[in-house]
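Engineer: I'm passing along run_16.txt; it holds compact mmCIF, N, CA and C atoms and all ligand atoms.
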```txt
# COMPACT_ATOMS: atom_id res chain seq x y z
N MET R 1 0.82 -1.22 0.00
CA MET R 1 0.00 0.00 0.00
C MET R 1 0.85 1.26 0.00
N SER R 2 2.11 1.15 0.39
CA SER R 2 2.95 2.33 0.45
C SER R 2 3.29 2.85 -0.95
N ALA R 3 3.24 4.15 -1.10
CA ALA R 3 3.56 4.76 -2.39
C ALA R 3 5.04 4.54 -2.72
N ARG R 4 5.83 4.32 -1.69
CA ARG R 4 7.26 4.15 -1.92
C ARG R 4 7.57 2.87 -2.69
N ARG R 5 6.61 1.96 -2.72
CA ARG R 5 6.87 0.72 -3.44
C ARG R 5 6.88 0.94 -4.95
N ASN R 6 6.28 2.05 -5.40
CA ASN R 6 6.30 2.35 -6.83
C ASN R 6 7.38 3.40 -7.10
N PRO R 7 8.49 2.97 -7.67
CA PRO R 7 9.55 3.95 -7.96
C PRO R 7 9.09 4.91 -9.04
N ARG R 8 9.66 6.09 -9.02
CA ARG R 8 9.33 7.05 -10.08
C ARG R 8 9.72 6.49 -11.44
N PRO R 9 8.90 6.73 -12.46
CA PRO R 9 9.24 6.20 -13.78
C PRO R 9 10.51 6.85 -14.32
N GLU R 10 11.23 6.10 -15.11
CA GLU R 10 12.41 6.64 -15.76
C GLU R 10 12.00 7.76 -16.71
N LEU R 11 12.83 8.80 -16.81
CA LEU R 11 12.55 9.85 -17.77
C LEU R 11 12.78 9.31 -19.18
N PRO R 12 11.89 9.64 -20.10
CA PRO R 12 12.06 9.13 -21.46
C PRO R 12 13.32 9.71 -22.09
N PRO R 13 14.05 8.90 -22.85
CA PRO R 13 15.31 9.37 -23.46
C PRO R 13 15.10 10.47 -24.49
N THR R 14 13.87 10.60 -24.97
CA THR R 14 13.59 11.62 -25.99
C THR R 14 13.34 12.98 -25.37
N GLY R 15 13.34 13.09 -24.05
CA GLY R 15 13.09 14.37 -23.42
C GLY R 15 11.80 14.34 -22.63
N LEU R 16 11.53 15.44 -21.93
CA LEU R 16 10.40 15.46 -21.01
C LEU R 16 9.07 15.67 -21.71
N LEU R 17 9.08 16.30 -22.85
CA LEU R 17 7.82 16.63 -23.51
C LEU R 17 7.49 15.61 -24.58
N ASP R 18 6.24 15.17 -24.62
CA ASP R 18 5.80 14.24 -25.65
C ASP R 18 5.22 15.04 -26.80
N TRP R 19 6.01 15.20 -27.84
CA TRP R 19 5.58 16.00 -28.98
C TRP R 19 5.19 15.12 -30.16
N THR R 20 4.94 13.84 -29.90
CA THR R 20 4.42 13.00 -30.96
C THR R 20 2.95 13.32 -31.21
N ASP R 21 2.34 14.01 -30.25
CA ASP R 21 0.94 14.43 -30.39
C ASP R 21 0.78 15.36 -31.59
N GLY R 22 -0.28 15.15 -32.37
CA GLY R 22 -0.50 15.95 -33.58
C GLY R 22 -0.69 17.42 -33.32
N ARG R 23 -1.04 17.79 -32.09
CA ARG R 23 -1.23 19.21 -31.77
C ARG R 23 0.08 19.98 -31.86
N HIS R 24 1.19 19.26 -31.80
CA HIS R 24 2.49 19.92 -31.83
C HIS R 24 3.08 19.96 -33.24
N TRP R 25 2.27 19.61 -34.25
CA TRP R 25 2.78 19.53 -35.60
C TRP R 25 1.93 20.39 -36.52
N SER R 26 2.56 21.15 -37.39
CA SER R 26 1.84 21.92 -38.39
C SER R 26 2.43 21.62 -39.76
N GLN R 27 1.58 21.64 -40.80
CA GLN R 27 2.05 21.44 -42.17
C GLN R 27 2.98 22.57 -42.58
N GLN R 28 2.79 23.74 -41.99
CA GLN R 28 3.49 24.94 -42.42
C GLN R 28 4.69 25.20 -41.53
N THR R 29 5.84 25.51 -42.15
CA THR R 29 6.99 25.88 -41.34
C THR R 29 6.89 27.35 -40.96
N ARG R 30 7.28 27.63 -39.73
CA ARG R 30 7.32 29.02 -39.24
C ARG R 30 8.64 29.18 -38.49
N PRO R 31 9.14 30.40 -38.37
CA PRO R 31 10.38 30.60 -37.61
C PRO R 31 10.18 30.26 -36.13
N CYS R 32 11.09 29.49 -35.61
CA CYS R 32 11.06 29.14 -34.19
C CYS R 32 11.11 30.41 -33.34
N ARG R 33 10.29 30.45 -32.29
CA ARG R 33 10.23 31.65 -31.44
C ARG R 33 11.52 31.84 -30.65
N TYR R 34 12.33 30.80 -30.56
CA TYR R 34 13.55 30.89 -29.76
C TYR R 34 14.77 31.14 -30.63
N CYS R 35 14.93 30.35 -31.72
CA CYS R 35 16.17 30.45 -32.49
C CYS R 35 15.95 31.01 -33.89
N GLY R 36 14.70 31.13 -34.34
CA GLY R 36 14.44 31.74 -35.62
C GLY R 36 14.54 30.81 -36.82
N GLN R 37 14.98 29.58 -36.61
CA GLN R 37 15.06 28.62 -37.70
C GLN R 37 13.67 28.04 -37.98
N PRO R 38 13.38 27.74 -39.25
CA PRO R 38 12.05 27.23 -39.58
C PRO R 38 11.76 25.89 -38.91
N THR R 39 10.52 25.71 -38.48
CA THR R 39 10.12 24.47 -37.82
C THR R 39 8.66 24.16 -38.10
N HIS R 40 8.35 22.86 -38.17
CA HIS R 40 6.96 22.42 -38.26
C HIS R 40 6.33 22.32 -36.87
N LEU R 41 7.17 22.32 -35.86
CA LEU R 41 6.67 22.04 -34.51
C LEU R 41 6.05 23.27 -33.88
N ARG R 42 5.07 23.02 -33.01
CA ARG R 42 4.43 24.10 -32.25
C ARG R 42 4.47 23.74 -30.77
N ASP R 43 4.65 24.75 -29.93
CA ASP R 43 4.65 24.47 -28.50
C ASP R 43 3.23 24.43 -27.97
N SER R 44 3.07 24.33 -26.67
CA SER R 44 1.74 24.16 -26.08
C SER R 44 0.86 25.39 -26.27
N HIS R 45 1.44 26.52 -26.65
CA HIS R 45 0.66 27.72 -26.94
C HIS R 45 0.45 27.89 -28.44
N ARG R 46 0.77 26.86 -29.21
CA ARG R 46 0.65 26.88 -30.67
C ARG R 46 1.64 27.84 -31.31
N ALA R 47 2.63 28.27 -30.59
CA ALA R 47 3.67 29.13 -31.15
C ALA R 47 4.76 28.24 -31.75
N PRO R 48 5.33 28.62 -32.91
CA PRO R 48 6.37 27.80 -33.51
C PRO R 48 7.59 27.71 -32.61
N ALA R 49 8.05 26.49 -32.37
CA ALA R 49 9.21 26.29 -31.51
C ALA R 49 9.74 24.88 -31.70
N HIS R 50 11.06 24.74 -31.76
CA HIS R 50 11.66 23.42 -31.77
C HIS R 50 11.48 22.79 -30.40
N LYS R 51 11.39 21.47 -30.39
CA LYS R 51 11.27 20.75 -29.13
C LYS R 51 12.46 21.05 -28.22
N THR R 52 13.67 20.99 -28.80
CA THR R 52 14.86 21.21 -27.98
C THR R 52 14.93 22.65 -27.47
N CYS R 53 14.52 23.61 -28.32
CA CYS R 53 14.52 25.01 -27.90
C CYS R 53 13.53 25.22 -26.76
N ALA R 54 12.34 24.65 -26.89
CA ALA R 54 11.31 24.81 -25.86
C ALA R 54 11.75 24.16 -24.55
N GLU R 55 12.37 22.99 -24.65
CA GLU R 55 12.81 22.31 -23.44
C GLU R 55 13.92 23.08 -22.76
N THR R 56 14.82 23.67 -23.55
CA THR R 56 15.88 24.50 -22.97
C THR R 56 15.26 25.70 -22.26
N ALA R 57 14.25 26.33 -22.90
CA ALA R 57 13.59 27.49 -22.31
C ALA R 57 12.87 27.10 -21.02
N LEU R 58 12.21 25.95 -21.04
CA LEU R 58 11.51 25.49 -19.83
C LEU R 58 12.51 25.27 -18.70
N ALA R 59 13.64 24.65 -19.01
CA ALA R 59 14.64 24.38 -17.99
C ALA R 59 15.15 25.70 -17.40
N GLU R 60 15.32 26.72 -18.26
CA GLU R 60 15.79 28.02 -17.77
C GLU R 60 14.72 28.68 -16.89
N GLN R 61 13.45 28.53 -17.28
CA GLN R 61 12.37 29.09 -16.46
C GLN R 61 12.37 28.47 -15.07
N VAL R 62 12.51 27.14 -15.02
CA VAL R 62 12.52 26.45 -13.73
C VAL R 62 13.69 26.93 -12.90
N ALA R 63 14.85 27.08 -13.54
CA ALA R 63 16.04 27.54 -12.82
C ALA R 63 15.83 28.96 -12.30
N ASP R 64 15.21 29.82 -13.14
CA ASP R 64 14.94 31.20 -12.72
C ASP R 64 13.99 31.23 -11.54
N GLN R 65 12.94 30.40 -11.60
CA GLN R 65 11.96 30.38 -10.51
C GLN R 65 12.60 29.87 -9.23
N ALA R 66 13.43 28.86 -9.35
CA ALA R 66 14.11 28.33 -8.17
C ALA R 66 15.02 29.40 -7.58
N ALA R 67 15.70 30.15 -8.44
CA ALA R 67 16.59 31.21 -7.96
C ALA R 67 15.78 32.32 -7.30
N ALA R 68 14.63 32.69 -7.90
CA ALA R 68 13.80 33.74 -7.33
C ALA R 68 13.27 33.31 -5.96
N TYR R 69 12.84 32.07 -5.85
CA TYR R 69 12.34 31.54 -4.59
C TYR R 69 13.44 31.58 -3.54
N HIS R 70 14.62 31.17 -3.95
CA HIS R 70 15.76 31.16 -3.04
C HIS R 70 16.07 32.58 -2.56
N ASN R 71 16.06 33.55 -3.49
CA ASN R 71 16.37 34.93 -3.14
C ASN R 71 15.32 35.53 -2.21
N GLU R 72 14.03 35.19 -2.47
CA GLU R 72 12.97 35.73 -1.60
C GLU R 72 13.13 35.23 -0.18
N ARG R 73 13.54 33.98 -0.10
CA ARG R 73 13.70 33.41 1.24
C ARG R 73 14.87 34.07 1.97
N LEU R 74 15.88 34.47 1.20
CA LEU R 74 17.03 35.11 1.80
C LEU R 74 16.75 36.56 2.14
N ASN R 75 15.83 37.21 1.34
CA ASN R 75 15.54 38.63 1.52
C ASN R 75 14.03 38.82 1.72
N PRO R 76 13.51 38.53 2.89
CA PRO R 76 12.07 38.61 3.11
C PRO R 76 11.56 40.05 3.06
ZN ZN V 1 14.52 26.60 -32.38
```
Step by step, read the file and then write its structure as structure tokens.
Structural biologist:
Amino acid sequence: MSARRNPRPELPPTGLLDWTDGRHWSQQTRPCRYCGQPTHLRDSHRAPAHKTCAETALAEQVADQAAAYHNERLNP
């Protein structure tokens, strides 16, 4: 019954986001919002973005939020 008996699933080798979903694909190429190179892929806001670019941006956001949280705790 303990939740500890179920280990956390391994992270997929393809990255954290599942972009095999058709919602992340468009017939039309548009410039990536991050790097400007053309891409068929769309992020969760339907904005053109490469998977790797979006994942890099997400990782930076998480790091920024963690840093902001840390700073707030240090400077109440
Ligand atoms: Zn890109």
Engineer: What is the distance between CA of Asp43 (chain R) and CA of Asp64 (chain R), in Å to one decimal?
Structural biologist: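 Calculated distance between CA of Asp43 (chain R) and CA of Asp64 (chain R) is 20.0 Å.
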Engineer: Just how far from CA of His24 (chain R) is CA of Arg42 (chain R), in Å to one decimal?
Structural biologist: 4.6 Å
Engineer: With ligand ZN 1 (chain V) as the partner and 6 Å as the cut-off, tabulate the residues of chain R that qualify, each row holding the nearest pair of atoms and their distance in Å to one decimal, using all atoms listed in the file, sorted by chain and rising number, as JSON lines.
Structural biologist:
```
{"residue": "R:Cys32", "atom": "CA", "partner": "V:ZN1", "partner_atom": "ZN", "distance": 4.7}
{"residue": "R:Arg33", "atom": "N", "partner": "V:ZN1", "partner_atom": "ZN", "distance": 5.7}
{"residue": "R:Tyr34", "atom": "C", "partner": "V:ZN1", "partner_atom": "ZN", "distance": 4.9}
{"residue": "R:Cys35", "atom": "N", "partner": "V:ZN1", "partner_atom": "ZN", "distance": 3.8}
{"residue": "R:Gly36", "atom": "N", "partner": "V:ZN1", "partner_atom": "ZN", "distance": 4.9}
{"residue": "R:Gln37", "atom": "N", "partner": "V:ZN1", "partner_atom": "ZN", "distance": 5.2}
{"residue": "R:Ala49", "atom": "C", "partner": "V:ZN1", "partner_atom": "ZN", "distance": 5.1}
{"residue": "R:His50", "atom": "N", "partner": "V:ZN1", "partner_atom": "ZN", "distance": 4.0}
{"residue": "R:Cys53", "atom": "CA", "partner": "V:ZN1", "partner_atom": "ZN", "distance": 4.8}
```
Engineer: Just the number, please: distance in Å from atom N of Ser26 (chain R) to atom C of Leu41 (chain R), one decimal.
Structural biologist: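 Computed distance, atom N of Ser26 (chain R) to atom C of Leu41 (chain R), equals 5.4 Å.
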Engineer: Considering all atoms listed in the file, state which residue in the set R:Gln61, R:Thr20, R:Pro31, R:Leu74 is at the smallest distance from Pro48 (chain R).
Structural biologist: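 Smallest separation from Pro48 (chain R) among the options: R:Pro31.
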Engineer: Please identify the strand (DSSP E or B) residues within region 32-64 of chain R (assignment by DSSP from backbone atoms) and present them as a CSV table (one decimal) with N, CA and C atoms, in the coordinates of the input.
Structural biologist:
```
chain,number,residue,atom,x,y,z
R,38,PRO,N,13.4,27.7,-39.2
R,38,PRO,CA,12.0,27.2,-39.6
R,38,PRO,C,11.8,25.9,-38.9
R,39,THR,N,10.5,25.7,-38.5
R,39,THR,CA,10.1,24.5,-37.8
R,39,THR,C,8.7,24.2,-38.1
R,40,HIS,N,8.4,22.9,-38.2
R,40,HIS,CA,7.0,22.4,-38.3
R,40,HIS,C,6.3,22.3,-36.9
R,41,LEU,N,7.2,22.3,-35.9
R,41,LEU,CA,6.7,22.0,-34.5
R,41,LEU,C,6.0,23.3,-33.9
R,42,ARG,N,5.1,23.0,-33.0
R,42,ARG,CA,4.4,24.1,-32.2
R,42,ARG,C,4.5,23.7,-30.8
R,48,PRO,N,5.3,28.6,-32.9
R,48,PRO,CA,6.4,27.8,-33.5
R,48,PRO,C,7.6,27.7,-32.6
```
Engineer: Please write out, as JSON, where the centre of an axis-aligned box around all listed atoms of region 23-28 of chain R lies and how long its edges are, in Å to one decimal, after adding 8 Å on each side.
Structural biologist:
```
{"center_x": 1.7, "center_y": 21.5, "center_z": -37.2, "size_x": 21.9, "size_y": 23.4, "size_z": 26.8}
```
